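One file, query25.pdb, is given below (PDB, C-alpha atoms, pLDDT in the B column).
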MODEL        1
ATOM      1  CA  GLY A 127      -8.706  37.392 -13.487  1.00 43.00           C
ATOM      2  CA  SER A 128      -9.500  33.900 -12.261  1.00 44.00           C
ATOM      3  CA  SER A 129      -8.485  32.939  -8.721  1.00 43.00           C
ATOM      4  CA  GLU A 130      -8.406  29.228  -9.537  1.00 48.00           C
ATOM      5  CA  LYS A 131      -5.017  27.541  -9.343  1.00 48.00           C
ATOM      6  CA  GLU A 132      -3.994  24.860 -11.812  1.00 53.00           C
ATOM      7  CA  SER A 133      -2.653  21.644 -10.296  1.00 59.00           C
ATOM      8  CA  LEU A 134       0.563  20.132 -11.604  1.00 66.00           C
ATOM      9  CA  TRP A 135       0.577  16.358 -12.009  1.00 74.00           C
ATOM     10  CA  TYR A 136       3.645  14.162 -12.337  1.00 72.00           C
ATOM     11  CA  CYS A 137       3.905  10.541 -13.394  1.00 77.00           C
ATOM     12  CA  GLU A 138       6.728   8.117 -12.543  1.00 72.00           C
ATOM     13  CA  LEU A 139       7.715   6.173 -15.648  1.00 74.00           C
ATOM     14  CA  GLN A 140       7.875   2.401 -15.423  1.00 68.00           C
ATOM     15  CA  GLY A 141       9.437  -0.489 -17.350  1.00 62.00           C
ATOM     16  CA  GLU A 142      10.842   0.276 -20.793  1.00 65.00           C
ATOM     17  CA  ASP A 143       9.802   3.929 -20.573  1.00 70.00           C
ATOM     18  CA  ALA A 144      11.956   4.391 -17.466  1.00 64.00           C
ATOM     19  CA  GLU A 145      14.939   2.852 -19.273  1.00 62.00           C
ATOM     20  CA  VAL A 146      14.569   4.889 -22.473  1.00 63.00           C
ATOM     21  CA  PHE A 147      13.926   8.383 -21.087  1.00 66.00           C
ATOM     22  CA  GLU A 148      16.289  10.338 -18.806  1.00 59.00           C
ATOM     23  CA  ASP A 149      13.442  11.684 -16.654  1.00 60.00           C
ATOM     24  CA  SER A 150      11.874   9.107 -14.344  1.00 66.00           C
ATOM     25  CA  PHE A 151       9.255  11.702 -13.331  1.00 71.00           C
ATOM     26  CA  VAL A 152       7.430  13.595 -16.086  1.00 76.00           C
ATOM     27  CA  MET A 153       4.786  16.327 -15.955  1.00 75.00           C
ATOM     28  CA  VAL A 154       1.454  15.197 -17.402  1.00 81.00           C
ATOM     29  CA  SER A 155      -0.371  17.596 -19.721  1.00 80.00           C
ATOM     30  CA  GLY A 156      -3.347  17.260 -22.019  1.00 81.00           C
ATOM     31  CA  LEU A 157      -5.888  15.902 -19.541  1.00 76.00           C
ATOM     32  CA  ASP A 158      -8.775  17.898 -18.115  1.00 74.00           C
ATOM     33  CA  GLU A 159      -8.326  19.220 -14.577  1.00 69.00           C
ATOM     34  CA  SER A 160     -11.620  17.565 -13.598  1.00 68.00           C
ATOM     35  CA  PHE A 161     -10.293  14.183 -14.764  1.00 68.00           C
ATOM     36  CA  MET A 162      -7.008  14.461 -12.874  1.00 65.00           C
ATOM     37  CA  SER A 163      -8.713  15.717  -9.707  1.00 65.00           C
ATOM     38  CA  GLY A 164     -11.226  12.879  -9.545  1.00 61.00           C
ATOM     39  CA  GLU A 165     -11.565  10.628  -6.534  1.00 55.00           C
ATOM     40  CA  SER A 166     -10.105   7.734  -8.535  1.00 64.00           C
ATOM     41  CA  ILE A 167      -6.685   9.433  -8.651  1.00 70.00           C
ATOM     42  CA  GLN A 168      -4.505   8.512  -5.663  1.00 67.00           C
ATOM     43  CA  SER A 169      -0.878   9.627  -5.495  1.00 63.00           C
ATOM     44  CA  GLY A 170       1.593   6.765  -5.355  1.00 63.00           C
ATOM     45  CA  VAL A 171      -1.109   4.192  -6.151  1.00 72.00           C
ATOM     46  CA  THR A 172      -2.906   5.113  -9.394  1.00 77.00           C
ATOM     47  CA  THR A 173      -1.298   4.036 -12.680  1.00 79.00           C
ATOM     48  CA  LEU A 174      -1.794   5.810 -16.012  1.00 78.00           C
ATOM     49  CA  LEU A 175      -1.676   4.005 -19.373  1.00 80.00           C
ATOM     50  CA  ALA A 176      -1.701   6.279 -22.427  1.00 79.00           C
ATOM     51  CA  PRO A 177      -0.400   4.447 -25.540  1.00 79.00           C
ATOM     52  CA  ASN A 178      -0.482   7.568 -27.765  1.00 79.00           C
ATOM     53  CA  ALA A 179       1.264   9.895 -25.329  1.00 82.00           C
ATOM     54  CA  LEU A 180       4.407  11.746 -26.379  1.00 83.00           C
ATOM     55  CA  ILE A 181       7.221  11.971 -23.820  1.00 80.00           C
ATOM     56  CA  GLU A 182       9.782  14.704 -24.387  1.00 77.00           C
ATOM     57  CA  GLY A 183      11.747  17.166 -22.279  1.00 70.00           C
ATOM     58  CA  GLY A 184      10.336  16.018 -18.952  1.00 73.00           C
ATOM     59  CA  HIS A 185       6.721  16.190 -20.160  1.00 75.00           C
ATOM     60  CA  MET A 186       4.149  13.555 -21.045  1.00 81.00           C
ATOM     61  CA  MET A 187       1.817  15.137 -23.596  1.00 84.00           C
ATOM     62  CA  ILE A 188      -1.470  13.313 -24.163  1.00 84.00           C
ATOM     63  CA  PRO A 189      -3.226  14.226 -27.449  1.00 83.00           C
ATOM     64  CA  ALA A 190      -6.867  15.329 -27.378  1.00 81.00           C
ATOM     65  CA  GLY A 191      -9.192  12.355 -27.613  1.00 78.00           C
ATOM     66  CA  ALA A 192      -6.449   9.826 -26.856  1.00 79.00           C
ATOM     67  CA  GLN A 193      -7.389   6.700 -24.916  1.00 80.00           C
ATOM     68  CA  VAL A 194      -6.333   6.815 -21.263  1.00 81.00           C
ATOM     69  CA  GLU A 195      -6.646   3.920 -18.831  1.00 81.00           C
ATOM     70  CA  LEU A 196      -6.320   4.199 -15.048  1.00 79.00           C
ATOM     71  CA  GLY A 197      -5.283   1.342 -12.777  1.00 78.00           C
ATOM     72  CA  LYS A 198      -3.684   0.703  -9.414  1.00 73.00           C
ATOM     73  CA  THR A 199      -0.392  -0.613  -8.162  1.00 67.00           C
ATOM     74  CA  ASP A 200       0.624  -2.125  -4.855  1.00 55.00           C
ATOM     75  CA  ARG A 201       4.126  -0.617  -5.132  1.00 49.00           C
ATOM     76  CA  ARG A 202       3.855   2.239  -2.656  1.00 45.00           C
ATOM     77  CA  ARG A 203       7.318   2.479  -1.237  1.00 47.00           C
ATOM     78  CA  SER A 204       7.740   5.772   0.545  1.00 49.00           C
ATOM     79  CA  LEU A 205       8.494   7.176   3.955  1.00 49.00           C
ATOM     80  CA  ALA A 206       4.797   8.017   4.246  1.00 53.00           C
ATOM     81  CA  GLU A 207       4.388   4.459   5.489  1.00 56.00           C
ATOM     82  CA  THR A 208       4.514   4.392   9.270  1.00 58.00           C
ATOM     83  CA  SER A 209       5.815   0.937  10.061  1.00 63.00           C
ATOM     84  CA  GLY A 210       8.378  -1.614   8.934  1.00 80.00           C
ATOM     85  CA  THR A 211      12.025  -1.403   7.940  1.00 86.00           C
ATOM     86  CA  LYS A 212      13.011   0.877   5.042  1.00 87.00           C
ATOM     87  CA  THR A 213      16.376   1.316   3.344  1.00 91.00           C
ATOM     88  CA  VAL A 214      17.627   4.837   2.641  1.00 91.00           C
ATOM     89  CA  LEU A 215      20.274   5.967   0.151  1.00 93.00           C
ATOM     90  CA  ALA A 216      21.741   9.483   0.286  1.00 94.00           C
ATOM     91  CA  VAL A 217      23.548  10.718  -2.827  1.00 95.00           C
ATOM     92  CA  ARG A 218      26.393  13.255  -2.773  1.00 96.00           C
ATOM     93  CA  VAL A 219      26.884  14.964  -6.136  1.00 96.00           C
ATOM     94  CA  VAL A 220      30.066  16.249  -7.797  1.00 96.00           C
ATOM     95  CA  ALA A 221      29.522  18.521 -10.818  1.00 96.00           C
ATOM     96  CA  ASN A 222      31.966  20.343 -13.106  1.00 96.00           C
ATOM     97  CA  ASP A 223      31.809  23.588 -11.144  1.00 95.00           C
ATOM     98  CA  ALA A 224      30.568  22.572  -7.676  1.00 95.00           C
ATOM     99  CA  SER A 225      29.932  19.667  -5.349  1.00 96.00           C
ATOM    100  CA  SER A 226      27.744  18.910  -2.364  1.00 95.00           C
ATOM    101  CA  THR A 227      29.327  20.819   0.528  1.00 95.00           C
ATOM    102  CA  SER A 228      29.076  17.985   3.049  1.00 94.00           C
ATOM    103  CA  SER A 229      31.384  14.981   2.813  1.00 94.00           C
ATOM    104  CA  VAL A 230      30.117  11.407   2.590  1.00 94.00           C
ATOM    105  CA  GLU A 231      30.838  10.936   6.292  1.00 95.00           C
ATOM    106  CA  THR A 232      29.027  14.139   7.271  1.00 93.00           C
ATOM    107  CA  ILE A 233      25.942  13.192   5.244  1.00 92.00           C
ATOM    108  CA  ARG A 234      25.978   9.727   6.798  1.00 92.00           C
ATOM    109  CA  LYS A 235      26.005  11.174  10.314  1.00 90.00           C
ATOM    110  CA  GLU A 236      23.315  13.762   9.523  1.00 88.00           C
ATOM    111  CA  VAL A 237      20.972  11.120   8.124  1.00 88.00           C
ATOM    112  CA  PHE A 238      21.597   8.073  10.283  1.00 87.00           C
ATOM    113  CA  GLU A 239      23.075   9.342  13.548  1.00 85.00           C
ATOM    114  CA  GLY A 240      22.070  11.786  16.286  1.00 72.00           C
ATOM    115  CA  VAL A 241      19.036  13.981  15.653  1.00 66.00           C
ATOM    116  CA  GLY A 242      18.819  13.122  11.959  1.00 69.00           C
ATOM    117  CA  LEU A 243      16.296  11.736   9.509  1.00 71.00           C
ATOM    118  CA  LYS A 244      16.479   8.249  11.011  1.00 73.00           C
ATOM    119  CA  SER A 245      15.816   9.300  14.616  1.00 76.00           C
ATOM    120  CA  GLN A 246      13.075  11.763  13.660  1.00 74.00           C
ATOM    121  CA  TYR A 247      11.071   9.209  11.695  1.00 67.00           C
ATOM    122  CA  GLU A 248      11.538   6.569  14.373  1.00 73.00           C
ATOM    123  CA  GLN A 249      10.373   9.018  17.044  1.00 76.00           C
ATOM    124  CA  CYS A 250       7.314  10.112  15.031  1.00 76.00           C
ATOM    125  CA  SER A 251       6.350   6.485  14.364  1.00 75.00           C
ATOM    126  CA  HIS A 252       6.930   5.516  18.020  1.00 77.00           C
ATOM    127  CA  GLY A 253       9.630   3.097  16.911  1.00 76.00           C
ATOM    128  CA  LYS A 254       7.454   1.316  14.366  1.00 80.00           C
ATOM    129  CA  LEU A 255       9.342   2.671  11.322  1.00 79.00           C
ATOM    130  CA  GLN A 256      13.024   1.741  11.197  1.00 84.00           C
ATOM    131  CA  LEU A 257      15.344   3.378   8.652  1.00 85.00           C
ATOM    132  CA  ILE A 258      18.545   1.546   7.754  1.00 89.00           C
ATOM    133  CA  PRO A 259      21.386   2.486   5.359  1.00 92.00           C
ATOM    134  CA  ALA A 260      21.168   1.056   1.852  1.00 93.00           C
ATOM    135  CA  THR A 261      23.976  -1.257   0.788  1.00 92.00           C
ATOM    136  CA  GLY A 262      25.591  -2.092  -2.530  1.00 89.00           C
ATOM    137  CA  THR A 263      28.517  -1.356  -4.811  1.00 88.00           C
ATOM    138  CA  GLY A 264      29.919   2.124  -4.239  1.00 90.00           C
ATOM    139  CA  ILE A 265      27.701   2.742  -1.201  1.00 92.00           C
ATOM    140  CA  THR A 266      29.338   3.524   2.154  1.00 93.00           C
ATOM    141  CA  GLY A 267      27.119   3.659   5.211  1.00 93.00           C
ATOM    142  CA  GLY A 268      24.041   4.411   3.103  1.00 94.00           C
ATOM    143  CA  VAL A 269      25.763   7.181   1.107  1.00 95.00           C
ATOM    144  CA  THR A 270      27.204   7.203  -2.409  1.00 94.00           C
ATOM    145  CA  THR A 271      28.907   9.832  -4.572  1.00 94.00           C
ATOM    146  CA  VAL A 272      27.926  10.523  -8.172  1.00 94.00           C
ATOM    147  CA  THR A 273      29.896  12.628 -10.662  1.00 95.00           C
ATOM    148  CA  ILE A 274      28.008  14.369 -13.466  1.00 93.00           C
ATOM    149  CA  ASN A 275      29.413  16.003 -16.605  1.00 93.00           C
ATOM    150  CA  GLN A 276      27.333  19.118 -16.040  1.00 91.00           C
ATOM    151  CA  SER A 277      27.824  22.577 -14.582  1.00 94.00           C
ATOM    152  CA  VAL A 278      25.388  23.581 -11.845  1.00 94.00           C
ATOM    153  CA  SER A 279      25.583  27.384 -11.797  1.00 94.00           C
ATOM    154  CA  GLY A 280      22.399  28.963 -13.124  1.00 90.00           C
ATOM    155  CA  LYS A 281      20.860  25.634 -14.141  1.00 89.00           C
ATOM    156  CA  SER A 282      17.395  24.497 -13.096  1.00 86.00           C
ATOM    157  CA  ARG A 283      17.114  21.875 -10.364  1.00 85.00           C
ATOM    158  CA  GLY A 284      15.303  19.569 -12.802  1.00 82.00           C
ATOM    159  CA  ILE A 285      18.247  19.495 -15.226  1.00 84.00           C
ATOM    160  CA  ILE A 286      20.690  18.589 -12.447  1.00 89.00           C
ATOM    161  CA  GLU A 287      18.310  16.047 -10.924  1.00 86.00           C
ATOM    162  CA  SER A 288      17.946  14.356 -14.327  1.00 82.00           C
ATOM    163  CA  ALA A 289      21.721  14.266 -14.800  1.00 86.00           C
ATOM    164  CA  VAL A 290      22.185  12.574 -11.430  1.00 88.00           C
ATOM    165  CA  ARG A 291      19.456  10.024 -12.099  1.00 82.00           C
ATOM    166  CA  GLY A 292      21.032   9.311 -15.468  1.00 80.00           C
ATOM    167  CA  GLN A 293      24.237   8.271 -13.698  1.00 84.00           C
ATOM    168  CA  LEU A 294      22.494   6.173 -11.058  1.00 81.00           C
ATOM    169  CA  GLY A 295      20.062   4.347 -13.326  1.00 73.00           C
ATOM    170  CA  ASN A 296      16.812   3.010 -11.870  1.00 67.00           C
ATOM    171  CA  LEU A 297      17.007   4.483  -8.380  1.00 65.00           C
ATOM    172  CA  ALA A 298      13.717   2.910  -7.325  1.00 61.00           C
ATOM    173  CA  ASN A 299      15.455  -0.473  -7.237  1.00 74.00           C
ATOM    174  CA  VAL A 300      18.376   0.745  -5.109  1.00 80.00           C
ATOM    175  CA  ALA A 301      16.554   1.635  -1.885  1.00 88.00           C
ATOM    176  CA  ASP A 302      13.106   2.312  -0.455  1.00 87.00           C
ATOM    177  CA  HIS A 303      13.938   6.021  -0.319  1.00 87.00           C
ATOM    178  CA  VAL A 304      16.593   8.024  -2.177  1.00 89.00           C
ATOM    179  CA  MET A 305      17.819  11.477  -1.115  1.00 90.00           C
ATOM    180  CA  LEU A 306      19.664  13.572  -3.710  1.00 92.00           C
ATOM    181  CA  CYS A 307      21.942  16.243  -2.205  1.00 94.00           C
ATOM    182  CA  LEU A 308      22.528  18.581  -5.156  1.00 94.00           C
ATOM    183  CA  PRO A 309      25.461  21.025  -5.196  1.00 95.00           C
ATOM    184  CA  PRO A 310      24.800  24.719  -4.521  1.00 94.00           C
ATOM    185  CA  GLY A 311      24.322  27.069  -7.455  1.00 93.00           C
ATOM    186  CA  THR A 312      21.068  26.034  -9.129  1.00 91.00           C
ATOM    187  CA  ASN A 313      18.581  28.828  -9.761  1.00 88.00           C
ATOM    188  CA  ASP A 314      15.316  29.798  -8.005  1.00 80.00           C
ATOM    189  CA  GLY A 315      16.654  29.706  -4.406  1.00 82.00           C
ATOM    190  CA  TRP A 316      14.828  26.495  -3.506  1.00 85.00           C
ATOM    191  CA  ILE A 317      15.507  24.419  -0.369  1.00 89.00           C
ATOM    192  CA  ALA A 318      14.072  20.945  -0.947  1.00 87.00           C
ATOM    193  CA  TYR A 319      11.223  19.100  -2.625  1.00 82.00           C
ATOM    194  CA  ALA A 320       9.738  15.621  -2.838  1.00 78.00           C
ATOM    195  CA  TYR A 321       7.145  13.828  -4.916  1.00 70.00           C
ATOM    196  CA  VAL A 322       4.053  12.832  -2.907  1.00 63.00           C
ATOM    197  CA  ASN A 323       4.165   9.197  -1.722  1.00 66.00           C
ATOM    198  CA  SER A 324       7.345   8.691  -3.725  1.00 74.00           C
ATOM    199  CA  TRP A 325      10.741   7.130  -3.072  1.00 81.00           C
ATOM    200  CA  LEU A 326      12.590  10.309  -4.069  1.00 83.00           C
ATOM    201  CA  SER A 327      13.398  13.601  -2.319  1.00 86.00           C
ATOM    202  CA  VAL A 328      15.813  16.296  -3.504  1.00 89.00           C
ATOM    203  CA  TYR A 329      17.797  18.789  -1.402  1.00 91.00           C
ATOM    204  CA  ASN A 330      19.641  21.994  -2.276  1.00 93.00           C
ATOM    205  CA  ASP A 331      23.083  21.200  -0.848  1.00 88.00           C
ATOM    206  CA  GLU A 332      22.700  21.276   2.972  1.00 64.00           C
TER     207      GLU A 332
ENDMDL
END
Spell out the structure here as structure tokens.
Amino acid sequence: GSSEKESLWYCELQGEDAEVFEDSFVMVSGLDESFMSGESIQSGVTTLLAPNALIEGGHMMIPAGAQVELGKTDRRRSLAETSGTKTVLAVRVVANDASSTSSVETIRKEVFEGVGLKSQYEQCSHGKLQLIPATGTGITGGVTTVTINQSVSGKSRGIIESAVRGQLGNLANVADHVMLCLPPGTNDGWIAYAYVNSWLSVYNDE
């Protein structure tokens, strides 16, 4: 068999597409591996315009021979940047059969106080990157709680992530970085994941 590994590519939907579809991140299929692996593709910077693409079930399917246009954006808001002041929003999730184990206050302390996310990034950046709690309606100390009409047990992390994002709307406009703390019980025994150079990271409970 072949020892080559296929890369998985995700695209963050923008504008009307982001408003219409539940998934703000979709897996791109239909493009040659050589095209997607080219030097012109840069995570968090390159834009993809495909007018004939079909978006369904968390996938963007591009028909063979369809016109595809690449561009660039200056919107690269992620914690990969090493200087400046960035807002952070942590999201506690309550589902039908489970909820994030930690309370809002515990999550706030773990992220913004002591040896947490804030102090670690500030230490690694030698004080050049400052993380501050996001503010807004329903947000307390950089943390908010979202209730979803969905059971977690045995479900995929993607289904629960999509349900949470559906309740929060366009998360990219809420803070520079958003952390989703999903309740325990999803399948596959995962710990955490993030999209490269993105504003979003997802955690399996604690």
Using all atoms listed in the file, pick whichever of A:Ile317, A:Ala221, A:Leu326, A:Ile233 has the shortest atom-to-atom distance to A:Gln293.
->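 Of A:Ile317, A:Ala221, A:Leu326, A:Ile233, the one nearest A:Gln293 is A:Ala221, counting all atoms listed in the file.
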Using all atoms listed in the file, determine which residues lie at most 7 Å from A:Gln256, disregarding the query and same-chain residues fewer than 5 positions distant; provide the list as a tab-separated table (two decimals) with C-alpha atoms, in the frame of the given file.
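Dumped to out-v2.tsv:
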chain	number	residue	atom	x	y	z
A	210	GLY	CA	8.38	-1.61	8.93
A	211	THR	CA	12.02	-1.40	7.94
A	212	LYS	CA	13.01	0.88	5.04
A	248	GLU	CA	11.54	6.57	14.37
A:Gly315 surroundings by all atoms listed in the file, 9 Å radius, close-in-sequence under 3 positions cut, as JSON, numbers by chain = {"A": [311, 312, 330]}
Output the residue selection produced by the PyMOL selection byres ((chain A and resi 230) around 8) on the file above, formatted as a PyMOL selection string.
-> chain A and resi 218+228-229+231-234+266+269-271
Point out the residue among A:Asp302, A:Asp143, A:Asp223, A:Glu138 with the least atom-to-atom distance to A:Gly280, counting all atoms listed in the file.
-> A:Asp223
